[in-house]
file final.csv (CSV, N, CA and C atoms and all ligand atoms)
chain,number,residue,atom,x,y,z
A,100,MET,N,-13.3,94.5,-28.9
A,100,MET,CA,-14.7,94.2,-29.5
A,100,MET,C,-15.3,95.6,-29.8
A,101,LYS,N,-15.7,95.7,-31.1
A,101,LYS,CA,-16.4,97.0,-31.5
A,101,LYS,C,-17.8,96.7,-31.8
A,102,CYS,N,-18.7,97.7,-31.5
A,102,CYS,CA,-20.1,97.5,-31.8
A,102,CYS,C,-20.3,97.4,-33.3
A,103,LEU,N,-21.2,96.5,-33.7
A,103,LEU,CA,-21.4,96.3,-35.1
A,103,LEU,C,-22.4,97.4,-35.7
A,104,ARG,N,-23.1,98.0,-34.8
A,104,ARG,CA,-24.0,99.1,-35.2
A,104,ARG,C,-23.4,100.4,-35.2
A,105,CYS,N,-22.7,100.8,-34.2
A,105,CYS,CA,-22.2,102.2,-34.1
A,105,CYS,C,-20.6,102.2,-33.9
A,106,SER,N,-20.0,101.1,-33.9
A,106,SER,CA,-18.5,101.0,-33.8
A,106,SER,C,-17.9,101.6,-32.5
A,107,SER,N,-18.7,101.6,-31.5
A,107,SER,CA,-18.3,102.1,-30.2
A,107,SER,C,-17.7,101.0,-29.4
A,108,VAL,N,-17.2,101.3,-28.3
A,108,VAL,CA,-16.6,100.3,-27.4
A,108,VAL,C,-17.7,99.4,-26.8
A,109,MET,N,-17.4,98.1,-26.7
A,109,MET,CA,-18.3,97.2,-26.1
A,109,MET,C,-17.7,96.6,-24.8
A,110,THR,N,-18.5,96.4,-23.8
A,110,THR,CA,-18.0,95.8,-22.6
A,110,THR,C,-18.5,94.4,-22.4
A,111,TYR,N,-17.6,93.6,-21.9
A,111,TYR,CA,-18.0,92.2,-21.6
A,111,TYR,C,-18.7,92.1,-20.3
A,112,ASP,N,-19.9,91.5,-20.3
A,112,ASP,CA,-20.8,91.6,-19.2
A,112,ASP,C,-21.6,90.4,-19.0
A,113,LYS,N,-22.2,90.2,-17.9
A,113,LYS,CA,-23.0,89.1,-17.6
A,113,LYS,C,-24.5,89.5,-17.7
A,114,PHE,N,-25.3,88.6,-18.4
A,114,PHE,CA,-26.7,88.9,-18.6
A,114,PHE,C,-27.5,87.8,-18.1
A,115,TYR,N,-28.7,88.1,-17.8
A,115,TYR,CA,-29.6,87.0,-17.3
A,115,TYR,C,-30.7,86.7,-18.2
A,116,GLY,N,-30.8,85.5,-18.7
A,116,GLY,CA,-31.8,85.1,-19.6
A,116,GLY,C,-33.0,84.5,-18.9
A,117,PRO,N,-33.9,83.9,-19.6
A,117,PRO,CA,-35.1,83.3,-18.9
A,117,PRO,C,-34.8,82.1,-18.0
A,118,HIS,N,-33.7,81.4,-18.3
A,118,HIS,CA,-33.4,80.2,-17.6
A,118,HIS,C,-32.0,80.2,-16.9
A,119,GLU,N,-31.1,80.9,-17.5
A,119,GLU,CA,-29.8,81.0,-17.0
A,119,GLU,C,-29.1,82.3,-17.4
A,120,TYR,N,-27.9,82.5,-16.8
A,120,TYR,CA,-27.2,83.7,-17.2
A,120,TYR,C,-26.2,83.3,-18.3
A,121,PHE,N,-25.8,84.3,-19.0
A,121,PHE,CA,-24.8,84.1,-20.1
A,121,PHE,C,-23.9,85.4,-20.2
A,122,TRP,N,-22.8,85.2,-20.8
A,122,TRP,CA,-21.8,86.3,-20.9
A,122,TRP,C,-21.9,86.8,-22.3
A,123,GLY,N,-21.8,88.1,-22.5
A,123,GLY,CA,-21.9,88.7,-23.8
A,123,GLY,C,-21.3,90.1,-23.8
A,124,TRP,N,-21.3,90.7,-25.0
A,124,TRP,CA,-20.8,92.0,-25.2
A,124,TRP,C,-21.9,93.0,-25.2
A,125,LYS,N,-21.8,94.1,-24.6
A,125,LYS,CA,-22.8,95.2,-24.6
A,125,LYS,C,-22.1,96.5,-25.0
A,126,CYS,N,-22.8,97.2,-26.0
A,126,CYS,CA,-22.3,98.5,-26.4
A,126,CYS,C,-22.7,99.5,-25.4
A,127,VAL,N,-21.7,100.4,-25.0
A,127,VAL,CA,-21.9,101.4,-24.0
A,127,VAL,C,-22.8,102.5,-24.6
A,128,ILE,N,-22.8,102.7,-25.9
A,128,ILE,CA,-23.5,103.8,-26.5
A,128,ILE,C,-25.0,103.4,-26.9
A,129,CYS,N,-25.1,102.4,-27.8
A,129,CYS,CA,-26.5,102.1,-28.3
A,129,CYS,C,-27.1,100.9,-27.6
A,130,GLY,N,-26.4,100.2,-26.7
A,130,GLY,CA,-27.0,99.1,-25.9
A,130,GLY,C,-27.1,97.8,-26.7
A,131,GLU,N,-26.5,97.7,-27.8
A,131,GLU,CA,-26.5,96.5,-28.6
A,131,GLU,C,-25.8,95.4,-27.8
A,132,ILE,N,-26.5,94.2,-27.8
A,132,ILE,CA,-25.9,93.1,-27.0
A,132,ILE,C,-25.6,91.9,-28.0
A,133,VAL,N,-24.4,91.4,-27.9
A,133,VAL,CA,-23.9,90.3,-28.7
A,133,VAL,C,-23.5,89.2,-27.8
A,134,ASP,N,-24.1,88.0,-27.9
A,134,ASP,CA,-23.6,86.9,-27.0
A,134,ASP,C,-22.9,85.9,-27.9
A,135,GLN,N,-22.5,84.8,-27.2
A,135,GLN,CA,-21.7,83.8,-27.9
A,135,GLN,C,-22.5,83.1,-29.0
A,136,VAL,N,-23.8,82.9,-28.8
A,136,VAL,CA,-24.6,82.2,-29.8
A,136,VAL,C,-24.8,83.1,-31.0
A,137,ILE,N,-25.0,84.4,-30.8
A,137,ILE,CA,-25.1,85.3,-31.9
A,137,ILE,C,-23.8,85.3,-32.7
A,138,LEU,N,-22.7,85.4,-32.0
A,138,LEU,CA,-21.4,85.4,-32.7
A,138,LEU,C,-21.2,84.1,-33.5
A,139,GLU,N,-21.5,82.9,-32.9
A,139,GLU,CA,-21.4,81.7,-33.7
A,139,GLU,C,-22.3,81.6,-34.9
A,140,ASN,N,-23.5,82.1,-34.8
A,140,ASN,CA,-24.4,82.1,-35.9
A,140,ASN,C,-23.9,83.0,-37.0
A,141,ARG,N,-23.3,84.2,-36.6
A,141,ARG,CA,-22.8,85.1,-37.5
A,141,ARG,C,-21.6,84.5,-38.3
A,142,GLU,N,-20.8,83.7,-37.6
A,142,GLU,CA,-19.7,83.0,-38.2
A,142,GLU,C,-20.2,82.0,-39.2
A,143,LEU,N,-21.2,81.2,-38.9
A,143,LEU,CA,-21.8,80.3,-39.8
A,143,LEU,C,-22.3,80.9,-41.0
A,144,ILE,N,-23.0,82.0,-40.9
A,144,ILE,CA,-23.5,82.8,-42.0
A,144,ILE,C,-22.4,83.2,-42.9
A,145,ARG,N,-21.3,83.7,-42.3
A,145,ARG,CA,-20.2,84.2,-43.1
A,145,ARG,C,-19.5,83.0,-43.9
A,146,MET,N,-19.6,81.9,-43.3
A,146,MET,CA,-19.0,80.7,-44.0
A,146,MET,C,-20.0,80.1,-45.0
A,147,GLY,N,-21.1,80.6,-45.1
A,147,GLY,CA,-22.1,80.2,-46.1
A,147,GLY,C,-23.0,79.0,-45.5
A,148,ARG,N,-22.9,78.8,-44.3
A,148,ARG,CA,-23.7,77.7,-43.7
A,148,ARG,C,-24.8,78.4,-42.8
A,149,VAL,N,-25.8,78.8,-43.3
A,149,VAL,CA,-26.8,79.5,-42.6
A,149,VAL,C,-27.7,78.5,-41.8
A,150,PRO,N,-27.7,78.6,-40.5
A,150,PRO,CA,-28.5,77.7,-39.7
A,150,PRO,C,-29.9,77.9,-39.9
A,151,ASN,N,-30.6,76.7,-39.9
A,151,ASN,CA,-32.0,76.8,-40.3
A,151,ASN,C,-32.9,77.1,-39.2
A,152,THR,N,-32.7,78.2,-38.5
A,152,THR,CA,-33.5,78.6,-37.3
A,152,THR,C,-34.2,79.9,-37.5
A,153,ARG,N,-34.2,80.4,-38.7
A,153,ARG,CA,-34.8,81.7,-38.9
A,153,ARG,C,-36.2,81.6,-39.5
A,154,SER,N,-36.8,80.5,-39.5
A,154,SER,CA,-38.2,80.4,-40.0
A,154,SER,C,-39.1,81.2,-39.2
A,155,ARG,N,-39.8,82.1,-39.8
A,155,ARG,CA,-40.7,83.0,-39.1
A,155,ARG,C,-42.1,82.5,-39.3
A,156,LYS,N,-42.8,82.2,-38.2
A,156,LYS,CA,-44.2,81.8,-38.3
A,156,LYS,C,-45.0,83.0,-37.9
A,157,ARG,N,-46.1,83.2,-38.6
A,157,ARG,CA,-47.0,84.4,-38.4
A,157,ARG,C,-47.1,85.1,-39.7
B,201,ZN,ZN,-23.4,100.5,-30.5
call {"tool": "encode", "arguments": {"input": "final.csv", "output": "structure tokens", "more": "lines below"}}
Ligand SMILES: [Zn+2]
result
Amino acid sequence: MKCLRCSSVMTYDKFYGPHEYFWGWKCVICGEIVDQVILENRELIRMGRVPNTRSRKR
């Protein structure tokens, strides 16, 4: 796994969210975090199926 921002090495690690923990990738250089949900959304976007969750209120 390479960082999408700086192309450095990413490590697979455990993170703690507000309700539960999740596993994801973290860049050792810039600290970018990519988890399974982000990867799945990115995959959907690449296939042209953008999930309708990006509505910004404010
Ligand atoms: Zn990075």
call {"tool": "residues_around", "arguments": {"input": "final.csv", "residues": "Asp134 (chain A)", "least_positions_apart": "4", "cutoff": "8 Å", "atoms": "all atoms listed in the file", "output": "compact mmCIF listing (two decimals) with N, CA and C atoms, in the coordinates of the input"}}
result
# COMPACT_ATOMS: atom_id res chain seq x y z
N PHE A 121 -25.80 84.30 -19.00
CA PHE A 121 -24.80 84.10 -20.10
C PHE A 121 -23.90 85.40 -20.20
N TRP A 122 -22.80 85.20 -20.80
CA TRP A 122 -21.80 86.30 -20.90
C TRP A 122 -21.90 86.80 -22.30
N GLY A 123 -21.80 88.10 -22.50
CA GLY A 123 -21.90 88.70 -23.80
C GLY A 123 -21.30 90.10 -23.80
N TRP A 124 -21.30 90.70 -25.00
CA TRP A 124 -20.80 92.00 -25.20
C TRP A 124 -21.90 93.00 -25.20
N LYS A 125 -21.80 94.10 -24.60
CA LYS A 125 -22.80 95.20 -24.60
C LYS A 125 -22.10 96.50 -25.00
N LEU A 138 -22.70 85.40 -32.00
CA LEU A 138 -21.40 85.40 -32.70
C LEU A 138 -21.20 84.10 -33.50
N GLU A 139 -21.50 82.90 -32.90
CA GLU A 139 -21.40 81.70 -33.70
C GLU A 139 -22.30 81.60 -34.90
N ASN A 140 -23.50 82.10 -34.80
CA ASN A 140 -24.40 82.10 -35.90
C ASN A 140 -23.90 83.00 -37.00
call {"tool": "residues_near_ligand", "arguments": {"input": "final.csv", "ligand": "ligand ZN 201 (chain B)", "cutoff": "6.5 Å", "atoms": "all atoms listed in the file", "output": "PyMOL selection string"}}
result
chain A and resi 102-107+126-131
call {"tool": "select_by_dssp", "arguments": {"input": "final.csv", "residues": "chain A", "states": "strand (DSSP E)", "output": "PyMOL selection string"}}
result
chain A and resi 109-115+120-126+132-134
call {"tool": "atom_distance", "arguments": {"input": "final.csv", "atom1": "CA of Tyr120 (chain A)", "atom2": "CA of Met146 (chain A)"}}
result
28.2 Å
call {"tool": "select_by_dssp", "arguments": {"input": "final.csv", "residues": "chain A", "states": "alpha helix (DSSP H)", "output": "mmCIF file with N, CA and C atoms, in the coordinates of the input"}}
result
data_model
loop_
_atom_site.group_PDB
_atom_site.id
_atom_site.type_symbol
_atom_site.label_atom_id
_atom_site.label_comp_id
_atom_site.auth_asym_id
_atom_site.auth_seq_id
_atom_site.Cartn_x
_atom_site.Cartn_y
_atom_site.Cartn_z
ATOM 1 N N GLN A 135 -22.500 84.800 -27.200
ATOM 2 C CA GLN A 135 -21.700 83.800 -27.900
ATOM 3 C C GLN A 135 -22.500 83.100 -29.000
ATOM 4 N N VAL A 136 -23.800 82.900 -28.800
ATOM 5 C CA VAL A 136 -24.600 82.200 -29.800
ATOM 6 C C VAL A 136 -24.800 83.100 -31.000
ATOM 7 N N ILE A 137 -25.000 84.400 -30.800
ATOM 8 C CA ILE A 137 -25.100 85.300 -31.900
ATOM 9 C C ILE A 137 -23.800 85.300 -32.700
ATOM 10 N N LEU A 138 -22.700 85.400 -32.000
ATOM 11 C CA LEU A 138 -21.400 85.400 -32.700
ATOM 12 C C LEU A 138 -21.200 84.100 -33.500
ATOM 13 N N GLU A 139 -21.500 82.900 -32.900
ATOM 14 C CA GLU A 139 -21.400 81.700 -33.700
ATOM 15 C C GLU A 139 -22.300 81.600 -34.900
ATOM 16 N N ASN A 140 -23.500 82.100 -34.800
ATOM 17 C CA ASN A 140 -24.400 82.100 -35.900
ATOM 18 C C ASN A 140 -23.900 83.000 -37.000
ATOM 19 N N ARG A 141 -23.300 84.200 -36.600
ATOM 20 C CA ARG A 141 -22.800 85.100 -37.500
ATOM 21 C C ARG A 141 -21.600 84.500 -38.300
ATOM 22 N N GLU A 142 -20.800 83.700 -37.600
ATOM 23 C CA GLU A 142 -19.700 83.000 -38.200
ATOM 24 C C GLU A 142 -20.200 82.000 -39.200
ATOM 25 N N LEU A 143 -21.200 81.200 -38.900
ATOM 26 C CA LEU A 143 -21.800 80.300 -39.800
ATOM 27 C C LEU A 143 -22.300 80.900 -41.000
ATOM 28 N N ILE A 144 -23.000 82.000 -40.900
ATOM 29 C CA ILE A 144 -23.500 82.800 -42.000
ATOM 30 C C ILE A 144 -22.400 83.200 -42.900
ATOM 31 N N ARG A 145 -21.300 83.700 -42.300
ATOM 32 C CA ARG A 145 -20.200 84.200 -43.100
ATOM 33 C C ARG A 145 -19.500 83.000 -43.900
#
